[in-house]
Structure formats: C-alpha cells, structure tokens
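Chemist: File follows, start.pdb with PDB, C-alpha atoms:
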```pdb
MODEL        1
ATOM      1  CA  MET A 970     -81.993  18.892  44.611
ATOM      2  CA  LEU A 971     -81.435  20.835  47.832
ATOM      3  CA  ARG A 972     -82.813  19.530  51.115
ATOM      4  CA  LYS A 973     -83.552  21.139  54.453
ATOM      5  CA  LEU A 974     -81.023  20.438  57.193
ATOM      6  CA  GLY A 975     -83.427  19.254  59.864
ATOM      7  CA  LYS A 976     -85.850  22.001  60.886
ATOM      8  CA  SER A 977     -83.548  24.822  59.892
ATOM      9  CA  ASP A 978     -83.443  27.394  57.129
ATOM     10  CA  VAL A 979     -80.260  25.843  55.713
ATOM     11  CA  ASN A 980     -80.534  24.008  52.397
ATOM     12  CA  ILE A 981     -77.888  21.387  51.662
ATOM     13  CA  THR A 982     -77.103  19.100  48.757
ATOM     14  CA  PRO A 983     -77.866  15.397  49.345
ATOM     15  CA  ILE A 984     -74.129  14.773  49.293
ATOM     16  CA  GLY A 985     -71.512  16.838  51.108
ATOM     17  CA  LEU A 986     -67.781  16.309  51.295
ATOM     18  CA  GLY A 987     -66.334  14.546  54.334
ATOM     19  CA  CYS A 988     -62.958  16.136  55.128
ATOM     20  CA  TRP A 989     -61.278  13.722  57.550
ATOM     21  CA  GLN A 990     -58.699  12.990  54.856
ATOM     22  CA  PHE A 991     -57.462  16.616  55.016
ATOM     23  CA  SER A 992     -55.873  15.936  58.434
ATOM     24  CA  LYS A 993     -52.236  16.164  57.301
ATOM     25  CA  HIS A 994     -51.221  13.431  59.787
ATOM     26  CA  GLY A 995     -51.842  16.040  62.488
ATOM     27  CA  ASN A 996     -52.551  13.531  65.265
ATOM     28  CA  PHE A 997     -53.379   9.829  65.718
ATOM     29  CA  ALA A 998     -56.769  10.216  64.026
ATOM     30  CA  GLY A 999     -55.117  12.108  61.191
ATOM     31  CA  LYS A1000     -52.841   9.176  60.418
ATOM     32  CA  PHE A1001     -55.798   7.104  59.225
ATOM     33  CA  TRP A1002     -55.330   8.678  55.785
ATOM     34  CA  PRO A1003     -52.260   9.472  53.663
ATOM     35  CA  SER A1004     -51.074  13.075  53.962
ATOM     36  CA  LEU A1005     -52.474  14.889  50.934
ATOM     37  CA  GLU A1006     -50.638  17.758  49.288
ATOM     38  CA  ASP A1007     -52.238  21.196  49.544
ATOM     39  CA  GLU A1008     -52.814  21.290  45.785
ATOM     40  CA  MET A1009     -54.636  17.954  45.820
ATOM     41  CA  ILE A1010     -56.862  19.091  48.688
ATOM     42  CA  ARG A1011     -57.703  22.281  46.821
ATOM     43  CA  ASP A1012     -58.499  20.305  43.653
ATOM     44  CA  ILE A1013     -60.793  17.952  45.568
ATOM     45  CA  VAL A1014     -62.641  20.921  47.067
ATOM     46  CA  ARG A1015     -62.797  22.645  43.662
ATOM     47  CA  ILE A1016     -64.241  19.620  41.877
ATOM     48  CA  SER A1017     -66.752  19.128  44.686
ATOM     49  CA  LEU A1018     -67.913  22.732  44.327
ATOM     50  CA  GLU A1019     -68.031  22.552  40.539
ATOM     51  CA  GLY A1020     -70.123  19.383  40.802
ATOM     52  CA  GLY A1021     -72.719  21.166  42.924
ATOM     53  CA  ILE A1022     -71.767  20.217  46.498
ATOM     54  CA  ASN A1023     -72.458  23.131  48.845
ATOM     55  CA  TRP A1024     -71.367  21.824  52.258
ATOM     56  CA  PHE A1025     -68.342  20.336  53.960
ATOM     57  CA  ASP A1026     -68.014  18.290  57.139
ATOM     58  CA  THR A1027     -64.864  18.409  59.253
ATOM     59  CA  ALA A1028     -63.936  18.128  62.937
ATOM     60  CA  GLU A1029     -61.547  19.231  65.655
ATOM     61  CA  LEU A1030     -60.305  15.631  65.906
ATOM     62  CA  TYR A1031     -59.219  15.512  62.277
ATOM     63  CA  GLY A1032     -55.564  16.401  62.639
ATOM     64  CA  LYS A1033     -56.227  18.574  65.715
ATOM     65  CA  GLY A1034     -57.668  21.325  63.543
ATOM     66  CA  ALA A1035     -55.550  20.597  60.455
ATOM     67  CA  SER A1036     -58.567  19.520  58.399
ATOM     68  CA  GLU A1037     -60.477  22.663  59.380
ATOM     69  CA  ARG A1038     -57.535  24.883  58.432
ATOM     70  CA  MET A1039     -56.976  23.138  55.100
ATOM     71  CA  LEU A1040     -60.666  23.368  54.234
ATOM     72  CA  SER A1041     -60.715  27.094  54.981
ATOM     73  CA  LYS A1042     -57.468  27.638  53.075
ATOM     74  CA  SER A1043     -58.751  25.791  50.013
ATOM     75  CA  LEU A1044     -62.093  27.572  49.958
ATOM     76  CA  THR A1045     -60.387  30.944  50.303
ATOM     77  CA  GLU A1046     -57.927  30.211  47.496
ATOM     78  CA  LEU A1047     -60.868  29.178  45.317
ATOM     79  CA  GLY A1048     -62.490  32.561  45.872
ATOM     80  CA  LYS A1049     -65.281  31.452  48.156
ATOM     81  CA  LYS A1050     -66.628  33.968  50.677
ATOM     82  CA  PRO A1051     -68.368  33.420  54.037
ATOM     83  CA  GLY A1052     -72.005  32.552  53.425
ATOM     84  CA  GLU A1053     -71.362  30.964  50.035
ATOM     85  CA  VAL A1054     -70.762  27.479  51.465
ATOM     86  CA  ILE A1055     -72.011  25.607  54.507
ATOM     87  CA  ILE A1056     -69.513  24.399  57.092
ATOM     88  CA  ALA A1057     -70.094  21.657  59.666
ATOM     89  CA  THR A1058     -67.526  20.753  62.300
ATOM     90  CA  LYS A1059     -67.459  18.799  65.564
ATOM     91  CA  TRP A1060     -66.373  19.109  69.189
ATOM     92  CA  TRP A1061     -64.521  16.089  70.638
ATOM     93  CA  PRO A1062     -65.906  15.146  74.109
ATOM     94  CA  MET A1063     -63.531  12.374  75.221
ATOM     95  CA  PHE A1064     -62.085  13.168  78.680
ATOM     96  CA  ARG A1065     -63.833  16.564  78.659
ATOM     97  CA  PHE A1066     -66.738  18.238  80.379
ATOM     98  CA  ALA A1067     -69.478  20.176  78.587
ATOM     99  CA  SER A1068     -67.901  23.454  79.748
ATOM    100  CA  ASN A1069     -65.084  22.739  77.296
ATOM    101  CA  ILE A1070     -67.513  23.398  74.440
ATOM    102  CA  LEU A1071     -67.587  27.041  75.482
ATOM    103  CA  ARG A1072     -63.850  27.282  76.148
ATOM    104  CA  THR A1073     -62.733  25.875  72.787
ATOM    105  CA  ILE A1074     -65.218  27.442  70.375
ATOM    106  CA  ASP A1075     -62.930  30.368  69.573
ATOM    107  CA  GLU A1076     -60.210  27.923  68.511
ATOM    108  CA  ARG A1077     -62.643  26.221  66.131
ATOM    109  CA  LEU A1078     -63.676  29.563  64.689
ATOM    110  CA  ALA A1079     -60.038  30.566  64.279
ATOM    111  CA  CYS A1080     -59.210  27.362  62.407
ATOM    112  CA  LEU A1081     -62.117  27.885  60.012
ATOM    113  CA  SER A1082     -61.768  31.659  59.672
ATOM    114  CA  PRO A1083     -63.169  33.520  57.824
ATOM    115  CA  PHE A1084     -65.950  30.943  57.467
ATOM    116  CA  PRO A1085     -68.582  30.655  60.218
ATOM    117  CA  ILE A1086     -69.741  27.409  61.798
ATOM    118  CA  ASP A1087     -73.141  26.619  60.340
ATOM    119  CA  LEU A1088     -73.464  23.269  62.107
ATOM    120  CA  TYR A1089     -71.635  22.362  65.328
ATOM    121  CA  GLN A1090     -71.855  18.723  66.376
ATOM    122  CA  VAL A1091     -70.930  16.688  69.442
ATOM    123  CA  HIS A1092     -68.673  14.079  67.842
ATOM    124  CA  GLN A1093     -69.766  11.151  70.032
ATOM    125  CA  PRO A1094     -71.646  10.633  73.314
ATOM    126  CA  TYR A1095     -68.750   9.484  75.504
ATOM    127  CA  GLY A1096     -67.582  12.475  77.515
ATOM    128  CA  PHE A1097     -67.534  13.430  81.191
ATOM    129  CA  SER A1098     -70.875  15.256  80.871
ATOM    130  CA  SER A1099     -74.333  14.126  79.812
ATOM    131  CA  GLU A1100     -75.922  15.060  76.512
ATOM    132  CA  VAL A1101     -78.195  17.367  78.520
ATOM    133  CA  GLN A1102     -75.274  19.448  79.759
ATOM    134  CA  GLU A1103     -73.647  19.412  76.333
ATOM    135  CA  MET A1104     -76.821  20.672  74.667
ATOM    136  CA  LYS A1105     -77.162  23.450  77.242
ATOM    137  CA  ALA A1106     -73.637  24.569  76.329
ATOM    138  CA  MET A1107     -74.465  24.367  72.636
ATOM    139  CA  ALA A1108     -77.573  26.481  73.212
ATOM    140  CA  LYS A1109     -75.379  29.180  74.764
ATOM    141  CA  LEU A1110     -73.224  29.212  71.632
ATOM    142  CA  VAL A1111     -76.320  29.639  69.448
ATOM    143  CA  GLY A1112     -77.493  32.466  71.702
ATOM    144  CA  ALA A1113     -74.092  34.141  71.467
ATOM    145  CA  GLY A1114     -74.121  33.891  67.669
ATOM    146  CA  LYS A1115     -70.982  31.735  67.585
ATOM    147  CA  ILE A1116     -72.727  28.853  65.792
ATOM    148  CA  LYS A1117     -75.941  28.627  63.820
ATOM    149  CA  TYR A1118     -77.245  25.102  64.376
ATOM    150  CA  VAL A1119     -76.625  22.105  66.623
ATOM    151  CA  GLY A1120     -76.092  18.482  65.687
ATOM    152  CA  VAL A1121     -74.811  15.279  67.261
ATOM    153  CA  SER A1122     -72.921  12.257  66.020
ATOM    154  CA  ASN A1123     -73.085   8.573  66.953
ATOM    155  CA  PHE A1124     -76.004   9.226  69.321
ATOM    156  CA  SER A1125     -78.511   6.449  70.040
ATOM    157  CA  ALA A1126     -82.225   7.052  69.542
ATOM    158  CA  LYS A1127     -82.620   7.694  73.285
ATOM    159  CA  GLN A1128     -79.665  10.096  73.444
ATOM    160  CA  MET A1129     -80.851  11.881  70.316
ATOM    161  CA  ARG A1130     -84.317  12.397  71.773
ATOM    162  CA  SER A1131     -82.843  13.662  75.047
ATOM    163  CA  ALA A1132     -80.650  16.145  73.165
ATOM    164  CA  TRP A1133     -83.631  17.271  71.098
ATOM    165  CA  GLU A1134     -85.803  17.783  74.206
ATOM    166  CA  THR A1135     -83.077  19.791  75.952
ATOM    167  CA  LEU A1136     -82.591  22.137  73.010
ATOM    168  CA  GLN A1137     -86.335  22.559  72.597
ATOM    169  CA  LYS A1138     -86.471  24.195  76.039
ATOM    170  CA  SER A1139     -84.320  26.977  74.590
ATOM    171  CA  GLY A1140     -86.376  27.192  71.407
ATOM    172  CA  ILE A1141     -83.659  25.472  69.389
ATOM    173  CA  SER A1142     -83.938  22.436  67.137
ATOM    174  CA  LEU A1143     -81.504  19.538  66.983
ATOM    175  CA  VAL A1144     -81.010  19.365  63.226
ATOM    176  CA  SER A1145     -78.813  16.300  62.646
ATOM    177  CA  ASN A1146     -77.341  13.043  63.884
ATOM    178  CA  GLN A1147     -74.250  11.833  62.033
ATOM    179  CA  VAL A1148     -74.002   8.048  62.076
ATOM    180  CA  GLN A1149     -72.451   5.194  60.140
ATOM    181  CA  TYR A1150     -74.896   4.097  57.460
ATOM    182  CA  ASN A1151     -74.427   2.245  54.182
ATOM    183  CA  LEU A1152     -75.686  -0.826  52.340
ATOM    184  CA  LEU A1153     -73.532  -3.051  54.570
ATOM    185  CA  GLN A1154     -74.332  -1.245  57.835
ATOM    186  CA  ARG A1155     -78.066  -0.618  58.221
ATOM    187  CA  LYS A1156     -78.531  -0.879  61.985
ATOM    188  CA  ILE A1157     -80.099   2.567  62.250
ATOM    189  CA  GLU A1158     -83.146   1.103  60.491
ATOM    190  CA  SER A1159     -83.736  -1.395  63.302
ATOM    191  CA  ASN A1160     -82.459   0.337  66.465
ATOM    192  CA  GLY A1161     -84.812   3.311  66.408
ATOM    193  CA  ILE A1162     -82.372   5.972  65.176
ATOM    194  CA  LEU A1163     -83.894   6.407  61.716
ATOM    195  CA  ASP A1164     -87.488   6.244  62.987
ATOM    196  CA  THR A1165     -86.771   8.814  65.717
ATOM    197  CA  ALA A1166     -85.055  11.107  63.235
ATOM    198  CA  LYS A1167     -88.079  10.999  60.944
ATOM    199  CA  GLU A1168     -90.435  11.630  63.879
ATOM    200  CA  LEU A1169     -88.511  14.659  65.147
ATOM    201  CA  GLY A1170     -87.487  16.089  61.776
ATOM    202  CA  ILE A1171     -83.781  15.413  62.258
ATOM    203  CA  THR A1172     -81.489  14.850  59.276
ATOM    204  CA  ILE A1173     -79.363  11.710  59.283
ATOM    205  CA  ILE A1174     -75.848  12.431  58.000
ATOM    206  CA  ALA A1175     -74.389   9.132  56.815
ATOM    207  CA  TYR A1176     -70.665   8.759  57.306
ATOM    208  CA  SER A1177     -68.664   5.866  55.837
ATOM    209  CA  PRO A1178     -71.387   5.695  53.149
ATOM    210  CA  LEU A1179     -69.324   3.294  51.037
ATOM    211  CA  ALA A1180     -68.310   1.050  53.958
ATOM    212  CA  GLN A1181     -64.698   2.177  53.522
ATOM    213  CA  GLY A1182     -64.857   1.150  49.876
ATOM    214  CA  LEU A1183     -66.116  -2.360  50.556
ATOM    215  CA  VAL A1184     -69.551  -1.821  49.020
ATOM    216  CA  THR A1185     -68.019  -1.071  45.608
ATOM    217  CA  GLY A1186     -66.766  -4.656  45.304
ATOM    218  CA  LYS A1187     -63.178  -3.660  44.585
ATOM    219  CA  PHE A1188     -61.806  -5.771  47.437
ATOM    220  CA  HIS A1189     -63.909  -8.755  46.392
ATOM    221  CA  ASN A1190     -62.683  -8.484  42.815
ATOM    222  CA  ASN A1191     -59.055  -7.812  43.704
ATOM    223  CA  PRO A1192     -58.110  -9.310  47.105
ATOM    224  CA  GLU A1193     -54.545  -8.047  46.639
ATOM    225  CA  LEU A1194     -55.856  -4.600  47.582
ATOM    226  CA  LEU A1195     -56.471  -5.866  51.118
ATOM    227  CA  LYS A1196     -52.726  -5.798  51.735
ATOM    228  CA  ASN A1197     -52.681  -2.010  51.553
ATOM    229  CA  ILE A1198     -55.543  -0.983  53.843
ATOM    230  CA  GLY A1199     -53.812  -1.086  57.219
ATOM    231  CA  PHE A1200     -55.649  -2.330  60.284
ATOM    232  CA  ARG A1201     -58.986  -2.408  58.459
ATOM    233  CA  LYS A1202     -58.080  -5.798  56.948
ATOM    234  CA  TYR A1203     -58.384  -7.336  60.403
ATOM    235  CA  THR A1204     -61.956  -6.143  60.995
ATOM    236  CA  PRO A1205     -64.761  -8.703  60.516
ATOM    237  CA  MET A1206     -66.205  -7.238  57.330
ATOM    238  CA  PHE A1207     -62.847  -7.456  55.551
ATOM    239  CA  ARG A1208     -62.134 -11.011  56.682
ATOM    240  CA  PRO A1209     -63.015 -13.929  54.356
ATOM    241  CA  LYS A1210     -66.385 -14.628  56.022
ATOM    242  CA  GLY A1211     -67.299 -10.952  55.923
ATOM    243  CA  LEU A1212     -66.376 -10.678  52.266
ATOM    244  CA  GLU A1213     -68.426 -13.774  51.479
ATOM    245  CA  LYS A1214     -71.464 -12.324  53.279
ATOM    246  CA  SER A1215     -71.321  -8.990  51.453
ATOM    247  CA  LYS A1216     -70.570 -10.363  47.974
ATOM    248  CA  PRO A1217     -74.225 -10.684  46.854
ATOM    249  CA  VAL A1218     -74.708  -7.001  47.651
ATOM    250  CA  THR A1219     -71.552  -5.849  45.881
ATOM    251  CA  ASP A1220     -72.354  -8.021  42.869
ATOM    252  CA  LEU A1221     -75.760  -6.351  42.571
ATOM    253  CA  VAL A1222     -74.228  -2.894  42.985
ATOM    254  CA  THR A1223     -71.820  -3.708  40.149
ATOM    255  CA  THR A1224     -74.639  -5.019  37.936
ATOM    256  CA  LEU A1225     -76.670  -1.848  38.473
ATOM    257  CA  ALA A1226     -73.617   0.311  37.804
ATOM    258  CA  ILE A1227     -73.377  -1.270  34.361
ATOM    259  CA  LYS A1228     -77.113  -0.818  33.794
ATOM    260  CA  TYR A1229     -77.037   2.905  34.640
ATOM    261  CA  ASP A1230     -73.598   3.550  33.151
ATOM    262  CA  LYS A1231     -72.398   4.748  36.539
ATOM    263  CA  THR A1232     -69.724   3.592  38.963
ATOM    264  CA  PRO A1233     -70.493   1.198  41.848
ATOM    265  CA  SER A1234     -69.860   3.980  44.376
ATOM    266  CA  GLN A1235     -72.393   6.204  42.625
ATOM    267  CA  VAL A1236     -75.020   3.467  42.745
ATOM    268  CA  ALA A1237     -74.399   2.853  46.461
ATOM    269  CA  LEU A1238     -74.519   6.566  47.279
ATOM    270  CA  ASN A1239     -77.638   7.127  45.191
ATOM    271  CA  TRP A1240     -79.473   4.370  47.044
ATOM    272  CA  LEU A1241     -78.409   5.847  50.367
ATOM    273  CA  ILE A1242     -79.631   9.396  49.707
ATOM    274  CA  ASN A1243     -82.947   8.336  48.166
ATOM    275  CA  PHE A1244     -84.129   5.157  49.897
ATOM    276  CA  SER A1245     -85.424   6.993  52.991
ATOM    277  CA  GLY A1246     -86.820  10.008  51.182
ATOM    278  CA  GLU A1247     -85.051  13.239  52.139
ATOM    279  CA  THR A1248     -84.115  12.189  55.679
ATOM    280  CA  VAL A1249     -80.644  10.870  54.806
ATOM    281  CA  VAL A1250     -77.723  12.780  53.310
ATOM    282  CA  ALA A1251     -74.197  11.423  52.893
ATOM    283  CA  ILE A1252     -70.628  12.667  53.346
ATOM    284  CA  PRO A1253     -68.252  10.507  51.315
ATOM    285  CA  GLY A1254     -64.613  11.506  51.480
ATOM    286  CA  ALA A1255     -62.155  11.806  48.603
ATOM    287  CA  THR A1256     -58.404  11.302  48.430
ATOM    288  CA  LYS A1257     -58.257  11.666  44.642
ATOM    289  CA  THR A1258     -59.976  13.991  42.209
ATOM    290  CA  LYS A1259     -61.776  11.067  40.587
ATOM    291  CA  HIS A1260     -63.403  10.307  43.953
ATOM    292  CA  ALA A1261     -64.746  13.859  44.114
ATOM    293  CA  GLU A1262     -66.101  13.525  40.576
ATOM    294  CA  GLU A1263     -67.843  10.282  41.479
ATOM    295  CA  ASN A1264     -69.341  11.840  44.618
ATOM    296  CA  THR A1265     -70.948  14.697  42.725
ATOM    297  CA  GLY A1266     -72.117  12.380  39.944
ATOM    298  CA  ALA A1267     -74.092  10.331  42.465
ATOM    299  CA  MET A1268     -76.554  13.225  42.773
ATOM    300  CA  LYS A1269     -77.280  13.457  39.057
ATOM    301  CA  PHE A1270     -79.442  10.398  38.491
ATOM    302  CA  CYS A1271     -81.895   8.295  40.446
ATOM    303  CA  LEU A1272     -82.264   4.558  40.760
ATOM    304  CA  SER A1273     -85.698   3.238  39.884
ATOM    305  CA  PRO A1274     -87.975   2.164  42.759
ATOM    306  CA  ASP A1275     -87.590  -1.445  41.629
ATOM    307  CA  ASP A1276     -83.803  -1.273  41.700
ATOM    308  CA  MET A1277     -83.800   0.404  45.113
ATOM    309  CA  ARG A1278     -86.028  -2.422  46.311
ATOM    310  CA  LEU A1279     -83.604  -5.013  44.925
ATOM    311  CA  LEU A1280     -80.737  -3.407  46.837
ATOM    312  CA  ASP A1281     -82.899  -3.266  49.961
ATOM    313  CA  GLU A1282     -83.661  -6.981  49.712
ATOM    314  CA  ALA A1283     -80.076  -7.982  48.918
ATOM    315  CA  SER A1284     -78.722  -6.081  51.937
ATOM    316  CA  ALA A1285     -81.539  -6.869  54.368
ATOM    317  CA  GLY A1286     -79.214  -9.061  56.425
ATOM    318  CA  PHE A1287     -77.189  -5.982  57.419
ATOM    319  CA  LYS A1288     -80.053  -4.296  59.302
ATOM    320  CA  LYS A1289     -79.134  -5.911  62.637
TER     321      LYS A1289
ENDMDL
END
```
Since I need it in another form, could you write the structure as structure tokens?

Modeler:
Amino acid sequence: MLRKLGKSDVNITPIGLGCWQFSKHGNFAGKFWPSLEDEMIRDIVRISLEGGINWFDTAELYGKGASERMLSKSLTELGKKPGEVIIATKWWPMFRFASNILRTIDERLACLSPFPIDLYQVHQPYGFSSEVQEMKAMAKLVGAGKIKYVGVSNFSAKQMRSAWETLQKSGISLVSNQVQYNLLQRKIESNGILDTAKELGITIIAYSPLAQGLVTGKFHNNPELLKNIGFRKYTPMFRPKGLEKSKPVTDLVTTLAIKYDKTPSQVALNWLINFSGETVVAIPGATKTKHAEENTGAMKFCLSPDDMRLLDEASAGFKK
C-alpha cells in the first residue's frame, strides 16, 4: 500500500491527512474552517493513525502555526515519537524573499517540535523571489539537516521543471508538487503538470480531492446545505449552472458507492489515488471523526478498471 514520495526513501500511504482545519481561527486563512476543540483534533488524528495513515500535511499559513502546533500536540498525546510519522509543512512566500525561508525555519521546527520536517514545500509561486532562488534556499536547509526533502505547491509544469533543475545542481530531488486535483478539477492532466511529474518522478499531492465536498453529491441532493458554506456558494461550481454540469459525475459516484458498499467520498478518493498509477496521492481534511474514518477506508478497496474508466469518461469535461 505504501508509495515512494518522489525519488526519496520516504514511503507514504496513498492518503494523508490535510490539517488546514486545525487552524483554530488563528488568522484569516484559519477562519475558513470552524474552530475545532483540542479533543476533536486529537480524535481525528487518532482515527487517521488507526486507519493506517502515516503522514500529515500542514502549513505556516494555517492559523499562523496553530495547525502545526495542534498536530504536534495531538501526536505527542497519542504517544507518537519522532520518526514514527511523516510530517509535511509549507513556507508562505507572499510578500517575502527567498532569504525568509532560512530566517523562519526555526519557527516552523519549534511549532512542530519534537517532530522533524520530512517535507518542506513552497506554498505557492507568488513571492518576491524566483523559484530558482527559493530552491537554492531550500537546498541549504537540506544541507544543514533542518529538513529532509523539498516540495512545491501550485507550481505550473514550467515552474516545477525549473525547481527540479535547480535542486538537481545540488544533488537534491524535487519530490512533490501539491495541486488542486479531483474529479471536477482535472486541469493538471491537460496543462502538462501531471505529464511532467511522471517524467521527472515527482509525486502529485492532490489537495481539495473532494472538490470541497461537491463531488459527493450532497449539495446536489440537498441544496439547503448551500446556505451554510460561506463564500463558496458564490463560486461558479456551486452556482446552479455549475451544479448542473457536475451532476452526471456525482450521480455516477453515488451509483458506484452503492455498488461497492462505500461512501461517495471513498469512491472519489479511490479513483484519484489509483487512476494515474502511483503518481498521485491525496490529502483530504476532516472536521469530524466520521470524515477521518471515510478517508482511511478509501485506501482499503480498489475500483475496477472499467469503473475507473466510466468515471474518467463522465468527468472528461473537467480536464480543461
């Protein structure tokens, strides 16, 4: 079940736990989710571990370190020791230069203490420095033993290749690119990101793997739920035309869920982590224990090739 994280010696489960929802309303980004109680966060982490998940993805931006601290706190309370789980976090580049990567690494390590940073990612490509300068800074952190591996997030195929080439000059591999990818958002299949990742041996980490819940069909089946999702209801995919476009996909997901005796989210996640071989892994979040249970359950079966093909055909219109 384990897969290599890029060209590294780290083995990860096809599904990890995304930890944005552990932000505790710590900053503007943290207010995207309700503030979870410490006990609920610990239970979500516990169920994820018990279900086989061995890695967790967080970020500086998530509550200005609150998510990192809560993840570390929960793992420690659950008896986990450094080296027993894999931790990925991210540096936020907006309004910063690459030199900030070096200046803030000790803060990231402090927030996650006693757990080391196995994967350190540039959260997005829009900073005051180029990806070349950012990767040179990341290489220094690897050399200093402060991080183990380097990844990026939201990088285009061109930016990803440039980052990879820069790290190669220091004998380091770029191991991952974290991007939005799900049955209703398949652009990486047509814009070169997925092809470049396969060529260079880079793992794609799919965030928003359930399209913020849309792919499960719950909003199609119960439009009243749209009233409680904040600003998301104004985005195109949640508007009437968007819902109409995605309904054939969600209907098929629901049909297959019944066939396999699984939930719609498990079907959607299973397609995502298997359709492209071992290149794609996913990081669904969880705000309830049942979400964590569903996440882990998505790794414990496999859709047939024919059913994966049906989902591919039904969602083909979302590749562009």

Chemist: Go through A:Leu1081, A:Leu1169, A:Val1014, A:Ala1113 one by one, measure the shortest atom-to-atom distance of each to Arg1130 of chain A using all atoms listed in the file, and give the residue with the smallest value.

Modeler: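 For Arg1130 of chain A, the nearest of the given residues is A:Leu1169.
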
Chemist: Around the point (-74.6, 23.7, 75.1) (coordinates from the file), which residues reach within 9 Å if we count only C-alpha atoms? Answer as a PDB file with C-alpha atoms, in the coordinates of the input.

Modeler:
```pdb
ATOM      1  CA  ALA A1067     -69.478  20.176  78.587  1.00  0.00           C
ATOM      2  CA  SER A1068     -67.901  23.454  79.748  1.00  0.00           C
ATOM      3  CA  ILE A1070     -67.513  23.398  74.440  1.00  0.00           C
ATOM      4  CA  LEU A1071     -67.587  27.041  75.482  1.00  0.00           C
ATOM      5  CA  GLU A1100     -75.922  15.060  76.512  1.00  0.00           C
ATOM      6  CA  VAL A1101     -78.195  17.367  78.520  1.00  0.00           C
ATOM      7  CA  GLN A1102     -75.274  19.448  79.759  1.00  0.00           C
ATOM      8  CA  GLU A1103     -73.647  19.412  76.333  1.00  0.00           C
ATOM      9  CA  MET A1104     -76.821  20.672  74.667  1.00  0.00           C
ATOM     10  CA  LYS A1105     -77.162  23.450  77.242  1.00  0.00           C
ATOM     11  CA  ALA A1106     -73.637  24.569  76.329  1.00  0.00           C
ATOM     12  CA  MET A1107     -74.465  24.367  72.636  1.00  0.00           C
ATOM     13  CA  ALA A1108     -77.573  26.481  73.212  1.00  0.00           C
ATOM     14  CA  LYS A1109     -75.379  29.180  74.764  1.00  0.00           C
ATOM     15  CA  LEU A1110     -73.224  29.212  71.632  1.00  0.00           C
ATOM     16  CA  VAL A1111     -76.320  29.639  69.448  1.00  0.00           C
ATOM     17  CA  VAL A1119     -76.625  22.105  66.623  1.00  0.00           C
ATOM     18  CA  LEU A1136     -82.591  22.137  73.010  1.00  0.00           C
TER      19      LEU A1136
END
```

Chemist: Do you know which residues the PyMOL selection byres ((chain A and resi 1173) around 7) returns on this file, as a PyMOL selection string?

Modeler: chain A and resi 1145-1147+1166+1171-1172+1174-1175+1248-1250

Chemist: Save out the residues we just selected, C-alpha atoms, as a compact mmCIF listing (two decimals), in the coordinates of the input.

Modeler:
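Just written: part05.txt:
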```txt
# COMPACT_ATOMS: atom_id res chain seq x y z
CA SER A 1145 -78.81 16.30 62.65
CA ASN A 1146 -77.34 13.04 63.88
CA GLN A 1147 -74.25 11.83 62.03
CA ALA A 1166 -85.06 11.11 63.24
CA ILE A 1171 -83.78 15.41 62.26
CA THR A 1172 -81.49 14.85 59.28
CA ILE A 1174 -75.85 12.43 58.00
CA ALA A 1175 -74.39 9.13 56.82
CA THR A 1248 -84.12 12.19 55.68
CA VAL A 1249 -80.64 10.87 54.81
CA VAL A 1250 -77.72 12.78 53.31
```

Chemist: How many Å separate atom CA of Ala1255 of chain A from atom CA of Asp1007 of chain A?

Modeler: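 One can read the atom CA of Ala1255 of chain A to atom CA of Asp1007 of chain A distance as 13.7 Å.
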
Chemist: Between atom CA of Lys993 of chain A and atom CA of Glu1262 of chain A, what is the distance, to one decimal in Å?

Modeler: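 Taking atom CA of Lys993 of chain A and atom CA of Glu1262 of chain A, their separation equals 21.9 Å.
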
Chemist: Name the residues captured by the PyMOL selection byres ((chain A and resi 1187) around 12) when it is applied to the shown file; answer as a PyMOL selection string.

Modeler: chain A and resi 1179-1186+1188-1195+1207+1212+1215-1216+1219-1220+1222-1223+1232-1234

Chemist: Mind telling me what the PyMOL selection byres ((chain A and resi 1028) around 7) catches here, as an NGL selection string?

Modeler: :A and (1027 or 1029-1031 or 1037 or 1058-1060)

Chemist: Using all atoms listed in the file, can you tell me which of A:Lys976, A:Lys1167, A:Thr1265, A:Thr1045 comes closest to Gln1137 of chain A?

Modeler: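 Nearest to Gln1137 of chain A: A:Lys976.
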
Chemist: Could you write segment 1137-1150 of chain A as a compact mmCIF listing (two decimals), in the coordinates of the input, with N, CA and C atoms rebuilt where they are missing?

Modeler:
```txt
# COMPACT_ATOMS: atom_id res chain seq x y z
N GLN A 1137 -85.00 22.00 72.78
CA GLN A 1137 -86.34 22.56 72.60
C GLN A 1137 -86.69 23.54 73.71
N LYS A 1138 -86.19 23.30 74.90
CA LYS A 1138 -86.47 24.20 76.04
C LYS A 1138 -85.89 25.59 75.82
N SER A 1139 -84.91 25.68 74.94
CA SER A 1139 -84.32 26.98 74.59
C SER A 1139 -84.82 27.47 73.24
N GLY A 1140 -85.82 26.80 72.69
CA GLY A 1140 -86.38 27.19 71.41
C GLY A 1140 -85.47 26.87 70.24
N ILE A 1141 -84.63 25.85 70.41
CA ILE A 1141 -83.66 25.47 69.39
C ILE A 1141 -83.94 24.04 68.94
N SER A 1142 -83.74 23.78 67.67
CA SER A 1142 -83.94 22.44 67.14
C SER A 1142 -82.61 21.69 67.01
N LEU A 1143 -82.62 20.41 67.34
CA LEU A 1143 -81.50 19.54 66.98
C LEU A 1143 -81.71 19.18 65.52
N VAL A 1144 -80.75 19.52 64.66
CA VAL A 1144 -81.01 19.36 63.23
C VAL A 1144 -80.43 18.10 62.62
N SER A 1145 -79.44 17.45 63.31
CA SER A 1145 -78.81 16.30 62.65
C SER A 1145 -78.21 15.31 63.64
N ASN A 1146 -78.09 14.09 63.18
CA ASN A 1146 -77.34 13.04 63.88
C ASN A 1146 -76.49 12.36 62.83
N GLN A 1147 -75.18 12.43 63.00
CA GLN A 1147 -74.25 11.83 62.03
C GLN A 1147 -73.88 10.44 62.50
N VAL A 1148 -74.20 9.44 61.68
CA VAL A 1148 -74.00 8.05 62.08
C VAL A 1148 -73.47 7.24 60.89
N GLN A 1149 -72.89 6.09 61.20
CA GLN A 1149 -72.45 5.19 60.14
C GLN A 1149 -73.67 4.55 59.49
N TYR A 1150 -73.75 4.65 58.17
CA TYR A 1150 -74.90 4.10 57.46
C TYR A 1150 -74.50 3.84 56.02
```
